[in-house]
Every structure is written in structure tokens, then in C-alpha cells.
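As stored in upload07.pdb (PDB, C-alpha atoms):
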ATOM      1  CA  MET Y   1      92.502 -71.511 -38.748
ATOM      2  CA  ASN Y   2      93.375 -68.298 -40.581
ATOM      3  CA  ILE Y   3      96.630 -68.929 -42.455
ATOM      4  CA  MET Y   4      96.497 -65.655 -44.358
ATOM      5  CA  LYS Y   5      98.076 -63.515 -41.578
ATOM      6  CA  PRO Y   6     101.168 -65.745 -41.122
ATOM      7  CA  LEU Y   7     101.442 -65.962 -44.909
ATOM      8  CA  LYS Y   8     101.359 -62.172 -45.222
ATOM      9  CA  ASN Y   9     104.006 -61.885 -42.519
ATOM     10  CA  LEU Y  10     106.177 -64.402 -44.356
ATOM     11  CA  VAL Y  11     105.779 -62.526 -47.634
ATOM     12  CA  SER Y  12     106.682 -59.247 -45.895
ATOM     13  CA  PHE Y  13     109.714 -60.844 -44.265
ATOM     14  CA  VAL Y  14     110.923 -62.313 -47.568
ATOM     15  CA  GLY Y  15     110.336 -58.982 -49.299
ATOM     16  CA  LEU Y  16     112.372 -57.133 -46.698
ATOM     17  CA  ALA Y  17     115.127 -59.727 -46.879
ATOM     18  CA  ILE Y  18     115.314 -59.423 -50.671
ATOM     19  CA  PHE Y  19     115.320 -55.613 -50.394
ATOM     20  CA  SER Y  20     118.105 -55.762 -47.805
ATOM     21  CA  ILE Y  21     120.177 -58.134 -49.947
ATOM     22  CA  SER Y  22     119.635 -55.859 -52.954
ATOM     23  CA  ILE Y  23     120.849 -52.781 -51.030
ATOM     24  CA  THR Y  24     123.890 -54.687 -49.731
ATOM     25  CA  ALA Y  25     124.736 -55.915 -53.220
ATOM     26  CA  HIS Y  26     124.497 -52.401 -54.652
ATOM     27  CA  ALA Y  27     126.538 -51.003 -51.759
ATOM     28  CA  ASP Y  28     129.213 -53.634 -52.328
ATOM     29  CA  GLU Y  29     129.482 -52.527 -55.976
ATOM     30  CA  TYR Y  30     129.694 -48.822 -55.036
ATOM     31  CA  PRO Y  31     130.529 -46.652 -56.868
ATOM     32  CA  THR Y  32     129.222 -47.498 -60.316
ATOM     33  CA  LYS Y  33     128.988 -43.860 -61.450
ATOM     34  CA  PRO Y  34     130.664 -40.506 -60.633
ATOM     35  CA  VAL Y  35     130.498 -39.208 -57.049
ATOM     36  CA  THR Y  36     129.701 -35.529 -56.471
ATOM     37  CA  LEU Y  37     131.615 -33.730 -53.723
ATOM     38  CA  VAL Y  38     129.482 -30.731 -52.753
ATOM     39  CA  VAL Y  39     131.252 -27.582 -51.525
ATOM     40  CA  PRO Y  40     128.973 -25.054 -49.751
ATOM     41  CA  PHE Y  41     130.964 -22.044 -50.939
ATOM     42  CA  ALA Y  42     132.055 -20.392 -54.169
ATOM     43  CA  ALA Y  43     134.942 -21.729 -56.237
ATOM     44  CA  GLY Y  44     138.386 -20.433 -55.326
ATOM     45  CA  GLY Y  45     137.939 -20.376 -51.553
ATOM     46  CA  PRO Y  46     139.778 -22.529 -48.967
ATOM     47  CA  THR Y  47     137.105 -25.261 -48.757
ATOM     48  CA  ASP Y  48     136.944 -25.464 -52.540
ATOM     49  CA  ALA Y  49     140.757 -25.753 -52.719
ATOM     50  CA  VAL Y  50     140.751 -28.654 -50.245
ATOM     51  CA  ALA Y  51     137.930 -30.407 -52.126
ATOM     52  CA  ARG Y  52     139.716 -30.176 -55.472
ATOM     53  CA  LEU Y  53     142.924 -31.512 -53.934
ATOM     54  CA  LEU Y  54     141.121 -34.504 -52.422
ATOM     55  CA  SER Y  55     139.055 -35.267 -55.523
ATOM     56  CA  ILE Y  56     142.041 -36.477 -57.562
ATOM     57  CA  PRO Y  57     143.310 -39.267 -55.254
ATOM     58  CA  MET Y  58     139.740 -40.123 -54.224
ATOM     59  CA  THR Y  59     138.942 -40.668 -57.901
ATOM     60  CA  LYS Y  60     141.929 -42.991 -58.143
ATOM     61  CA  PHE Y  61     140.842 -44.983 -55.086
ATOM     62  CA  LEU Y  62     137.140 -45.259 -55.973
ATOM     63  CA  GLY Y  63     137.633 -45.953 -59.667
ATOM     64  CA  GLN Y  64     134.982 -43.360 -60.528
ATOM     65  CA  THR Y  65     135.342 -39.613 -61.078
ATOM     66  CA  VAL Y  66     134.825 -37.427 -58.014
ATOM     67  CA  ILE Y  67     133.259 -34.206 -59.295
ATOM     68  CA  VAL Y  68     133.545 -31.041 -57.179
ATOM     69  CA  GLU Y  69     130.356 -28.999 -57.310
ATOM     70  CA  ASN Y  70     129.934 -25.592 -55.668
ATOM     71  CA  THR Y  71     126.519 -24.949 -54.106
ATOM     72  CA  ALA Y  72     126.972 -21.627 -52.340
ATOM     73  CA  GLY Y  73     124.499 -19.648 -50.279
ATOM     74  CA  ALA Y  74     123.088 -19.122 -46.777
ATOM     75  CA  GLY Y  75     126.358 -19.805 -44.992
ATOM     76  CA  GLY Y  76     126.574 -23.338 -46.336
ATOM     77  CA  THR Y  77     123.090 -24.438 -45.296
ATOM     78  CA  ILE Y  78     121.780 -24.788 -48.873
ATOM     79  CA  ALA Y  79     124.477 -27.324 -49.725
ATOM     80  CA  ALA Y  80     124.116 -29.127 -46.390
ATOM     81  CA  ASN Y  81     120.352 -29.440 -46.844
ATOM     82  CA  ARG Y  82     120.837 -30.698 -50.389
ATOM     83  CA  VAL Y  83     123.066 -33.531 -49.182
ATOM     84  CA  ALA Y  84     120.901 -34.282 -46.129
ATOM     85  CA  LYS Y  85     117.845 -34.733 -48.369
ATOM     86  CA  SER Y  86     119.674 -36.703 -51.096
ATOM     87  CA  PRO Y  87     119.208 -40.447 -51.827
ATOM     88  CA  LYS Y  88     120.918 -42.705 -49.306
ATOM     89  CA  ASP Y  89     123.473 -44.043 -51.753
ATOM     90  CA  GLY Y  90     126.698 -42.083 -51.171
ATOM     91  CA  TYR Y  91     126.775 -40.375 -54.561
ATOM     92  CA  LEU Y  92     126.321 -36.930 -53.022
ATOM     93  CA  VAL Y  93     128.971 -36.101 -50.422
ATOM     94  CA  LEU Y  94     129.383 -32.874 -48.448
ATOM     95  CA  LEU Y  95     132.668 -31.202 -47.537
ATOM     96  CA  HIS Y  96     131.872 -28.512 -44.961
ATOM     97  CA  HIS Y  97     133.838 -26.517 -42.411
ATOM     98  CA  ILE Y  98     133.120 -25.458 -38.812
ATOM     99  CA  GLY Y  99     129.975 -23.718 -40.070
ATOM    100  CA  ILE Y 100     128.019 -26.971 -39.957
ATOM    101  CA  SER Y 101     128.221 -26.895 -36.147
ATOM    102  CA  THR Y 102     127.331 -23.205 -35.755
ATOM    103  CA  ALA Y 103     124.359 -23.231 -38.139
ATOM    104  CA  PRO Y 104     121.947 -24.685 -35.502
ATOM    105  CA  ALA Y 105     122.463 -21.553 -33.391
ATOM    106  CA  LEU Y 106     122.807 -19.064 -36.273
ATOM    107  CA  TYR Y 107     119.687 -20.085 -38.201
ATOM    108  CA  SER Y 108     116.277 -20.107 -36.502
ATOM    109  CA  LYS Y 109     114.716 -22.318 -39.189
ATOM    110  CA  LEU Y 110     117.397 -24.786 -40.204
ATOM    111  CA  PRO Y 111     115.827 -27.261 -42.692
ATOM    112  CA  TYR Y 112     117.856 -30.240 -41.447
ATOM    113  CA  ASP Y 113     119.091 -31.752 -38.181
ATOM    114  CA  THR Y 114     122.886 -31.478 -38.019
ATOM    115  CA  LEU Y 115     123.342 -34.388 -35.618
ATOM    116  CA  ASN Y 116     120.743 -36.764 -37.042
ATOM    117  CA  ASP Y 117     120.421 -36.144 -40.793
ATOM    118  CA  PHE Y 118     123.958 -37.118 -41.846
ATOM    119  CA  GLU Y 119     126.282 -40.085 -41.900
ATOM    120  CA  TYR Y 120     129.651 -38.845 -40.693
ATOM    121  CA  ILE Y 121     132.614 -39.931 -42.816
ATOM    122  CA  GLY Y 122     135.556 -38.230 -41.103
ATOM    123  CA  GLN Y 123     137.311 -35.020 -40.187
ATOM    124  CA  VAL Y 124     139.618 -33.800 -42.948
ATOM    125  CA  VAL Y 125     141.844 -30.787 -42.213
ATOM    126  CA  ASN Y 126     142.320 -27.928 -39.767
ATOM    127  CA  ALA Y 127     143.128 -24.410 -40.969
ATOM    128  CA  PRO Y 128     144.429 -21.956 -38.343
ATOM    129  CA  MET Y 129     143.463 -18.287 -38.336
ATOM    130  CA  THR Y 130     145.124 -14.923 -37.820
ATOM    131  CA  LEU Y 131     143.939 -11.568 -36.554
ATOM    132  CA  ILE Y 132     145.118  -8.897 -38.985
ATOM    133  CA  GLY Y 133     144.536  -5.166 -39.454
ATOM    134  CA  ARG Y 134     144.958  -2.490 -42.084
ATOM    135  CA  LYS Y 135     148.597  -1.462 -42.518
ATOM    136  CA  ASN Y 136     147.957   2.187 -41.605
ATOM    137  CA  LEU Y 137     146.204   1.307 -38.335
ATOM    138  CA  PRO Y 138     148.139   3.139 -35.559
ATOM    139  CA  ALA Y 139     148.768  -0.098 -33.637
ATOM    140  CA  THR Y 140     151.482  -2.489 -34.790
ATOM    141  CA  ASN Y 141     151.228  -5.074 -31.998
ATOM    142  CA  TYR Y 142     148.479  -6.637 -29.913
ATOM    143  CA  LYS Y 143     149.161  -4.526 -26.814
ATOM    144  CA  ASP Y 144     148.856  -1.331 -28.828
ATOM    145  CA  LEU Y 145     145.755  -2.706 -30.562
ATOM    146  CA  LEU Y 146     143.996  -3.204 -27.212
ATOM    147  CA  ALA Y 147     144.794   0.356 -26.220
ATOM    148  CA  TYR Y 148     143.547   1.628 -29.591
ATOM    149  CA  ILE Y 149     140.298  -0.374 -29.323
ATOM    150  CA  GLN Y 150     139.619   0.865 -25.785
ATOM    151  CA  LYS Y 151     140.121   4.465 -26.895
ATOM    152  CA  ASN Y 152     138.176   4.153 -30.173
ATOM    153  CA  ARG Y 153     135.671   1.402 -29.394
ATOM    154  CA  ASP Y 154     132.816   3.138 -31.234
ATOM    155  CA  LYS Y 155     134.886   3.609 -34.390
ATOM    156  CA  VAL Y 156     136.767   0.321 -34.791
ATOM    157  CA  THR Y 157     135.395  -1.895 -37.577
ATOM    158  CA  LEU Y 158     135.734  -5.683 -37.748
ATOM    159  CA  ALA Y 159     135.207  -7.256 -41.173
ATOM    160  CA  ASN Y 160     133.933 -10.759 -41.900
ATOM    161  CA  ALA Y 161     133.086 -12.807 -44.984
ATOM    162  CA  GLY Y 162     129.351 -12.948 -44.238
ATOM    163  CA  PRO Y 163     126.877 -14.926 -42.085
ATOM    164  CA  GLY Y 164     128.200 -18.329 -41.048
ATOM    165  CA  ALA Y 165     131.745 -17.612 -42.240
ATOM    166  CA  VAL Y 166     134.603 -18.657 -39.957
ATOM    167  CA  SER Y 167     135.755 -15.029 -39.926
ATOM    168  CA  GLN Y 168     132.396 -14.025 -38.451
ATOM    169  CA  LEU Y 169     132.733 -16.673 -35.726
ATOM    170  CA  CYS Y 170     136.270 -15.578 -34.936
ATOM    171  CA  GLY Y 171     135.082 -11.976 -34.680
ATOM    172  CA  MET Y 172     132.272 -13.018 -32.337
ATOM    173  CA  LEU Y 173     134.663 -14.848 -30.030
ATOM    174  CA  PHE Y 174     137.143 -11.957 -30.116
ATOM    175  CA  THR Y 175     134.583  -9.318 -29.111
ATOM    176  CA  SER Y 176     133.031 -11.701 -26.572
ATOM    177  CA  GLN Y 177     136.318 -12.352 -24.773
ATOM    178  CA  LEU Y 178     137.377  -8.731 -25.136
ATOM    179  CA  GLY Y 179     134.078  -7.560 -23.669
ATOM    180  CA  ILE Y 180     133.919  -4.714 -26.201
ATOM    181  CA  PRO Y 181     131.267  -4.774 -28.980
ATOM    182  CA  LEU Y 182     132.943  -3.666 -32.194
ATOM    183  CA  THR Y 183     131.152  -2.650 -35.400
ATOM    184  CA  GLN Y 184     130.797  -5.775 -37.562
ATOM    185  CA  VAL Y 185     131.128  -5.259 -41.321
ATOM    186  CA  PRO Y 186     129.882  -8.303 -43.284
ATOM    187  CA  TYR Y 187     131.022  -8.888 -46.863
ATOM    188  CA  LYS Y 188     129.930 -11.311 -49.568
ATOM    189  CA  GLY Y 189     133.021 -13.470 -49.266
ATOM    190  CA  THR Y 190     136.588 -13.284 -48.006
ATOM    191  CA  GLY Y 191     137.972 -11.663 -51.174
ATOM    192  CA  PRO Y 192     136.114  -8.342 -50.816
ATOM    193  CA  ALA Y 193     136.867  -8.228 -47.080
ATOM    194  CA  ILE Y 194     140.606  -8.622 -47.637
ATOM    195  CA  THR Y 195     140.500  -6.104 -50.482
ATOM    196  CA  ASP Y 196     139.087  -3.500 -48.097
ATOM    197  CA  ILE Y 197     141.608  -4.387 -45.368
ATOM    198  CA  LEU Y 198     144.408  -3.861 -47.912
ATOM    199  CA  GLY Y 199     142.787  -0.637 -49.053
ATOM    200  CA  GLY Y 200     142.365   0.664 -45.502
ATOM    201  CA  GLN Y 201     138.531   0.829 -45.613
ATOM    202  CA  VAL Y 202     138.068  -1.466 -42.571
ATOM    203  CA  ASP Y 203     140.241  -1.960 -39.506
ATOM    204  CA  LEU Y 204     140.382  -5.644 -38.565
ATOM    205  CA  LEU Y 205     139.741  -9.136 -39.935
ATOM    206  CA  CYS Y 206     140.181 -12.572 -38.401
ATOM    207  CA  ASP Y 207     140.554 -15.136 -41.175
ATOM    208  CA  GLN Y 208     142.268 -18.341 -42.269
ATOM    209  CA  THR Y 209     145.975 -18.422 -42.999
ATOM    210  CA  THR Y 210     145.062 -19.730 -46.452
ATOM    211  CA  ASN Y 211     143.690 -16.245 -47.137
ATOM    212  CA  THR Y 212     146.006 -14.059 -45.049
ATOM    213  CA  LEU Y 213     149.480 -15.608 -45.078
ATOM    214  CA  SER Y 214     150.609 -14.176 -48.423
ATOM    215  CA  HIS Y 215     149.596 -10.655 -47.336
ATOM    216  CA  ILE Y 216     151.312 -11.125 -43.971
ATOM    217  CA  LYS Y 217     154.564 -12.243 -45.607
ATOM    218  CA  ALA Y 218     154.366  -9.333 -48.064
ATOM    219  CA  ASP Y 219     153.999  -6.952 -45.078
ATOM    220  CA  LYS Y 220     150.756  -5.518 -46.449
ATOM    221  CA  VAL Y 221     148.841  -5.880 -43.159
ATOM    222  CA  ASN Y 222     149.484  -5.674 -39.435
ATOM    223  CA  LEU Y 223     149.500  -9.054 -37.681
ATOM    224  CA  TYR Y 224     148.293  -9.190 -34.070
ATOM    225  CA  GLY Y 225     148.242 -12.902 -33.284
ATOM    226  CA  THR Y 226     147.145 -16.387 -34.248
ATOM    227  CA  THR Y 227     144.026 -18.198 -33.072
ATOM    228  CA  THR Y 228     145.604 -21.537 -32.129
ATOM    229  CA  LEU Y 229     146.705 -22.545 -28.633
ATOM    230  CA  LYS Y 230     150.239 -23.215 -29.892
ATOM    231  CA  ARG Y 231     152.320 -21.075 -32.245
ATOM    232  CA  LEU Y 232     152.222 -21.903 -35.941
ATOM    233  CA  SER Y 233     155.251 -23.494 -37.593
ATOM    234  CA  SER Y 234     154.814 -21.041 -40.480
ATOM    235  CA  LEU Y 235     154.790 -18.062 -38.087
ATOM    236  CA  PRO Y 236     156.967 -19.231 -35.185
ATOM    237  CA  ASN Y 237     157.730 -15.709 -33.917
ATOM    238  CA  VAL Y 238     154.097 -14.625 -33.789
ATOM    239  CA  PRO Y 239     152.434 -14.999 -30.367
ATOM    240  CA  THR Y 240     148.996 -16.576 -30.128
ATOM    241  CA  LEU Y 241     146.082 -14.508 -28.839
ATOM    242  CA  ASN Y 242     145.879 -17.066 -26.035
ATOM    243  CA  GLU Y 243     149.378 -16.252 -24.766
ATOM    244  CA  GLN Y 244     148.724 -12.523 -25.127
ATOM    245  CA  GLY Y 245     145.878 -12.544 -22.645
ATOM    246  CA  LEU Y 246     142.804 -14.006 -24.345
ATOM    247  CA  LYS Y 247     142.980 -17.241 -22.353
ATOM    248  CA  GLY Y 248     141.737 -20.317 -24.188
ATOM    249  CA  PHE Y 249     141.122 -18.362 -27.394
ATOM    250  CA  GLN Y 250     140.957 -20.929 -30.185
ATOM    251  CA  VAL Y 251     139.271 -20.818 -33.576
ATOM    252  CA  VAL Y 252     140.254 -23.347 -36.219
ATOM    253  CA  ALA Y 253     138.543 -23.772 -39.570
ATOM    254  CA  TRP Y 254     138.243 -27.548 -39.379
ATOM    255  CA  HIS Y 255     136.581 -29.469 -42.216
ATOM    256  CA  GLY Y 256     134.554 -32.672 -42.254
ATOM    257  CA  MET Y 257     132.993 -34.992 -44.823
ATOM    258  CA  TYR Y 258     129.361 -36.189 -44.692
ATOM    259  CA  THR Y 259     126.674 -37.975 -46.676
ATOM    260  CA  SER Y 260     122.950 -38.567 -46.167
ATOM    261  CA  LYS Y 261     121.670 -40.462 -43.129
ATOM    262  CA  GLY Y 262     120.850 -44.092 -43.858
ATOM    263  CA  THR Y 263     123.576 -44.582 -46.463
ATOM    264  CA  PRO Y 264     124.792 -48.209 -46.109
ATOM    265  CA  THR Y 265     127.854 -48.777 -43.926
ATOM    266  CA  LEU Y 266     129.627 -50.490 -46.820
ATOM    267  CA  VAL Y 267     129.398 -47.202 -48.733
ATOM    268  CA  THR Y 268     130.439 -44.895 -45.888
ATOM    269  CA  ASP Y 269     133.337 -47.240 -45.065
ATOM    270  CA  LYS Y 270     134.510 -47.005 -48.669
ATOM    271  CA  LEU Y 271     134.227 -43.207 -48.608
ATOM    272  CA  ASN Y 272     136.219 -43.110 -45.378
ATOM    273  CA  ALA Y 273     138.901 -45.325 -46.927
ATOM    274  CA  ALA Y 274     139.011 -43.040 -49.976
ATOM    275  CA  LEU Y 275     139.387 -39.989 -47.713
ATOM    276  CA  LYS Y 276     142.264 -41.617 -45.798
ATOM    277  CA  PHE Y 277     143.905 -42.608 -49.073
ATOM    278  CA  ALA Y 278     143.683 -39.005 -50.310
ATOM    279  CA  LEU Y 279     145.105 -37.538 -47.100
ATOM    280  CA  ALA Y 280     148.065 -39.929 -47.321
ATOM    281  CA  ASP Y 281     148.867 -38.817 -50.879
ATOM    282  CA  SER Y 282     152.278 -37.095 -51.020
ATOM    283  CA  GLU Y 283     151.120 -34.370 -53.404
ATOM    284  CA  VAL Y 284     148.081 -33.591 -51.242
ATOM    285  CA  LYS Y 285     150.300 -33.401 -48.147
ATOM    286  CA  ALA Y 286     152.743 -31.045 -49.852
ATOM    287  CA  ARG Y 287     150.029 -28.746 -51.181
ATOM    288  CA  LEU Y 288     148.218 -28.593 -47.836
ATOM    289  CA  ALA Y 289     151.514 -27.723 -46.136
ATOM    290  CA  GLU Y 290     151.944 -24.856 -48.605
ATOM    291  CA  LEU Y 291     148.488 -23.619 -47.631
ATOM    292  CA  ASN Y 292     149.447 -23.950 -43.937
ATOM    293  CA  VAL Y 293     146.609 -26.426 -43.438
ATOM    294  CA  GLU Y 294     147.073 -29.394 -41.104
ATOM    295  CA  ILE Y 295     145.679 -32.855 -41.775
ATOM    296  CA  ALA Y 296     143.382 -34.043 -38.990
ATOM    297  CA  ALA Y 297     144.745 -36.590 -36.517
ATOM    298  CA  PRO Y 298     144.159 -40.251 -37.527
ATOM    299  CA  GLU Y 299     141.654 -40.805 -34.714
ATOM    300  CA  ASP Y 300     139.622 -37.862 -36.024
ATOM    301  CA  VAL Y 301     139.550 -39.045 -39.659
ATOM    302  CA  THR Y 302     136.740 -41.391 -38.596
ATOM    303  CA  PRO Y 303     132.952 -41.137 -38.288
ATOM    304  CA  ALA Y 304     133.191 -41.154 -34.472
ATOM    305  CA  GLY Y 305     135.964 -38.569 -34.458
ATOM    306  CA  LEU Y 306     134.015 -36.180 -36.678
ATOM    307  CA  LYS Y 307     130.810 -36.573 -34.690
ATOM    308  CA  ARG Y 308     132.691 -35.823 -31.458
ATOM    309  CA  GLN Y 309     134.019 -32.651 -33.054
ATOM    310  CA  VAL Y 310     130.604 -31.497 -34.283
ATOM    311  CA  GLU Y 311     128.945 -32.146 -30.915
ATOM    312  CA  SER Y 312     131.741 -30.338 -29.051
ATOM    313  CA  GLU Y 313     131.645 -27.316 -31.373
ATOM    314  CA  ILE Y 314     127.847 -27.017 -31.178
ATOM    315  CA  LYS Y 315     128.150 -26.782 -27.389
ATOM    316  CA  LYS Y 316     130.984 -24.249 -27.631
ATOM    317  CA  TRP Y 317     129.431 -21.850 -30.134
ATOM    318  CA  ALA Y 318     125.725 -21.899 -29.223
ATOM    319  CA  PRO Y 319     126.060 -19.623 -26.154
ATOM    320  CA  ILE Y 320     128.506 -17.271 -27.926
ATOM    321  CA  ILE Y 321     126.166 -16.861 -30.901
ATOM    322  CA  LYS Y 322     123.147 -16.449 -28.607
ATOM    323  CA  ALA Y 323     124.912 -13.733 -26.604
ATOM    324  CA  SER Y 324     125.873 -11.917 -29.803
ATOM    325  CA  GLY Y 325     122.265 -11.830 -31.020
ATOM    326  CA  SER Y 326     123.385 -13.038 -34.459
ATOM    327  CA  TYR Y 327     120.234 -14.908 -35.473
ATOM    328  CA  ILE Y 328     119.209 -15.405 -39.087
ATOM    329  CA  ASP Y 329     115.538 -16.053 -39.941
TER     330      ASP Y 329
END
Here is a file; write its structure as C-alpha cells.
Amino acid sequence: MNIMKPLKNLVSFVGLAIFSISITAHADEYPTKPVTLVVPFAAGGPTDAVARLLSIPMTKFLGQTVIVENTAGAGGTIAANRVAKSPKDGYLVLLHHIGISTAPALYSKLPYDTLNDFEYIGQVVNAPMTLIGRKNLPATNYKDLLAYIQKNRDKVTLANAGPGAVSQLCGMLFTSQLGIPLTQVPYKGTGPAITDILGGQVDLLCDQTTNTLSHIKADKVNLYGTTTLKRLSSLPNVPTLNEQGLKGFQVVAWHGMYTSKGTPTLVTDKLNAALKFALADSEVKARLAELNVEIAAPEDVTPAGLKRQVESEIKKWAPIIKASGSYID
């Protein structure tokens, strides 16, 4: 009788059991060192602002410093790939916006699988958007804007903050539902785009209230509508694009938190608890309200809630991006 094969199987089983116990023990102790919260965009932007707000109470909850690190480039895909390929230990965490769900359609050679290469921690916040125009544009309301676009369709310019930016997506949806292809003007970030809107070099921009609200309140731009289905509490007298004729028009810069696939559940559960703790912090709530950013609903601040959102948004944006021809090699 050959006893070597059963013996080898026993040794393998014991080895796996010890390895599993070791991982569980380490996960139970998590974190034992600082956690890095990766932001896919440059410092100073809306996603960066949210990350820095969350990092303080998350540090308090976890008992280890949460360091915000900006890894910009390629519409957020560099940062996403970095986290997807990181060790499965929860020390590298990604905070990304809607762009994570549009990247599969925007990029022909995405180096990671959005649905299968991440552990989903939870949805974080939702930032509404506004359609604004240069102050000297001869159209002060949406009805006049439509007439102006129809008359000058070959001349009207629509700015965005670059490939993968929420402003680009909003512009795509706007031209798609309008049925009029406008000239897209991509910038390297929101700042330069808004600078040129204020200076009158471009006509239109659809961007987050975090970037546009101060200019709207200072009456430096024309405001044509909001991109939510319901009116914003901060702009109660401003009609949505939906109620002005673009039925179902909705673009929200929602954010989610992720880590690498295979990270132990004990770790992702602790990260989710830290996220919930941060979103319940009174100072975080107050600051987000100032930025006109809404905290995600409790049922969405969960792994299942975030995955539902990503899957739904992939289905929504893939045909719009395909029709626009906005592929990036």
C-alpha cells in the first residue's frame, strides 16, 4: 500500500489550514500600519476633497493613519490598476468616481477587470452637476440656449476636463439626447476649463456643483439647468434639464471605495465600518453640505450597494460612449 499520496494530501491540507489561519489572524489585527487612500486625480479636485475629509475620521476609527495619495493620469485608470494589482491586504484603497464604470467602454485596452478585480467597500457620496455657459453667451435660459444651438450648431463649443472626466460624460449625454453633435473641447482638468468659460473662450460646460456653484452664485456664468431628476436644495429655483425637456437626463458624480480582489472579508468589513463612521461624522456632514455633495443612502454604503451601482452605470454608459465614438487606445 502506497501511504505517500495520502500523507502528501494531509501535509497539503495542514499547510493550507495553517496559511488560512495565518491570513485570518493578520486580518483580525488589521491595520497594523498606515492605510493609503488612492485618489485617481490631482490634488485640489472634488474627489481629492472628499478623500481628505474622510481620511481624518477613518484614521480615528482604524487607529492607523489614512494617507491620501494622488495618482493621476489616464482618466483614473492608472490609480485603479495600481489598486487592482496591489497585495490583498487592504492597505491600498481606491476612492474613485463614476469614471470607474465608464472606463470599460472608453478604453479599448483596460489593464484590469472592473467587475472582477476589486473588492467593493461601499458607495460614498453623490455630487450633482450643472450645465453652465459663458456669461456673454446670447442665451440666458435653456429655451434660448436650444434656439442658439440649433442656429449655431457648427460653432458651439462644449468644454470638458479631459477623457474619462464626469464633465465629458455629461457632455456626451447632453449631445446624445439633444441629437446635435457639438464641438468638444477637452482640457487637462476642470480648472482650465472653468477659466476659459469665465474668460469667454468656450461656450458651455457641464460640471459638478463643487466646481460651479461659487461662480453661479457670483453671477459669473449663465446657468441652464441641473442634471438631477429633482431640483437641488441649494438651487431650488433652477429647473432640471429633465423637466425642461431632456426626459430622464441624469448625471451624478457618485463616488465609491474599493480594494484589491481577494482581500479578506474581515478587512473589507473593517474598511466599510470605517467609511460609515466617517460619513456619520458631524464635521464631515457639514463640510459635504457646504460642497453641495450628498452622502449616499445607507443601503448603498455597502459592498452590494456599490456593485449594483457600478453594474447599472456600465450598462447605461456603454452604448452612449460607443455611439459617440470616444474610444481611447
Neighbours of Gln208 of chain Y within 10 Å (only C-alpha atoms; same-chain residues fewer than 2 positions away dropped), as an NGL selection string? :Y and (46 or 126-131 or 166-167 or 170 or 190 or 205-206 or 210-213 or 226-227 or 251-253 or 291-293)
Can you list, as number ranges by chain, every protein, DNA or RNA residue that comes within 10 Å of Ala323 of chain Y when you count all atoms listed in the file, leaving out same-chain residues fewer than 6 positions away? Y: 172, 176, 317
Dump C-alpha atoms for the selected residues as an mmCIF file, in the coordinates of the input?
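Output file again.cif is given in full below:
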data_model
loop_
_atom_site.group_PDB
_atom_site.id
_atom_site.type_symbol
_atom_site.label_atom_id
_atom_site.label_comp_id
_atom_site.auth_asym_id
_atom_site.auth_seq_id
_atom_site.Cartn_x
_atom_site.Cartn_y
_atom_site.Cartn_z
ATOM 1 C CA MET Y 172 132.272 -13.018 -32.337
ATOM 2 C CA SER Y 176 133.031 -11.701 -26.572
ATOM 3 C CA TRP Y 317 129.431 -21.850 -30.134
#
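Nearest to Lys155 of chain Y of all the residues Y:Pro40, Y:Gly200, Y:Pro298, Y:Pro181 is Y:Pro181, counting only C-alpha atoms.
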List the residues selected by the PyMOL selection byres ((chain Y and resi 96-101) around 6) in the file shown, writing them as a PyMOL selection string. chain Y and resi 95+102-103+164+253-256+310+313-314
Which residue is closest to Asp144 of chain Y? Choose from Y:Gly73, Y:Thr157, Y:Asn222, Y:Thr114 and count all atoms listed in the file.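 Ranking Y:Gly73, Y:Thr157, Y:Asn222, Y:Thr114 by distance to Asp144 of chain Y, first place goes to Y:Asn222.
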Length of the atom CA of Ala79 of chain Y to atom CA of Val39 of chain Y vector [Å]: 7.0 Å
To verify the selection step, state as a list in words which residues the PyMOL selection byres ((chain Y and resi 48) around 10) yields on this input.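 Checked against the file, the PyMOL selection byres ((chain Y and resi 48) around 10) matches Leu37, Val38, Val39, Pro40, Phe41, Ala42, Ala43, Gly44, Gly45, Pro46, Thr47, Ala49, Val50, Ala51, Arg52, Leu53, Leu54, Val68, Glu69, Asn70, Leu95 and His96 of chain Y.
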What does the structure give for the distance between atom CA of Ala27 of chain Y and atom CA of Leu266 of chain Y, in Å to one decimal?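 Interatomic distance here is 5.8 Å.
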Using all atoms listed in the file, which protein or nucleic acid residues come within 9 Å of segment 235-238 of chain Y? Drop anything in the same chain fewer than 2 positions from it, and give the result as a ChimeraX atom specification. /Y:223-226,231-233,240
Can you spit out the residues from that selection as an mmCIF file, in the coordinates of the input, using C-alpha atoms?
data_model
loop_
_atom_site.group_PDB
_atom_site.id
_atom_site.type_symbol
_atom_site.label_atom_id
_atom_site.label_comp_id
_atom_site.auth_asym_id
_atom_site.auth_seq_id
_atom_site.Cartn_x
_atom_site.Cartn_y
_atom_site.Cartn_z
ATOM 1 C CA LEU Y 223 149.500 -9.054 -37.681
ATOM 2 C CA TYR Y 224 148.293 -9.190 -34.070
ATOM 3 C CA GLY Y 225 148.242 -12.902 -33.284
ATOM 4 C CA THR Y 226 147.145 -16.387 -34.248
ATOM 5 C CA ARG Y 231 152.320 -21.075 -32.245
ATOM 6 C CA LEU Y 232 152.222 -21.903 -35.941
ATOM 7 C CA SER Y 233 155.251 -23.494 -37.593
ATOM 8 C CA THR Y 240 148.996 -16.576 -30.128
#
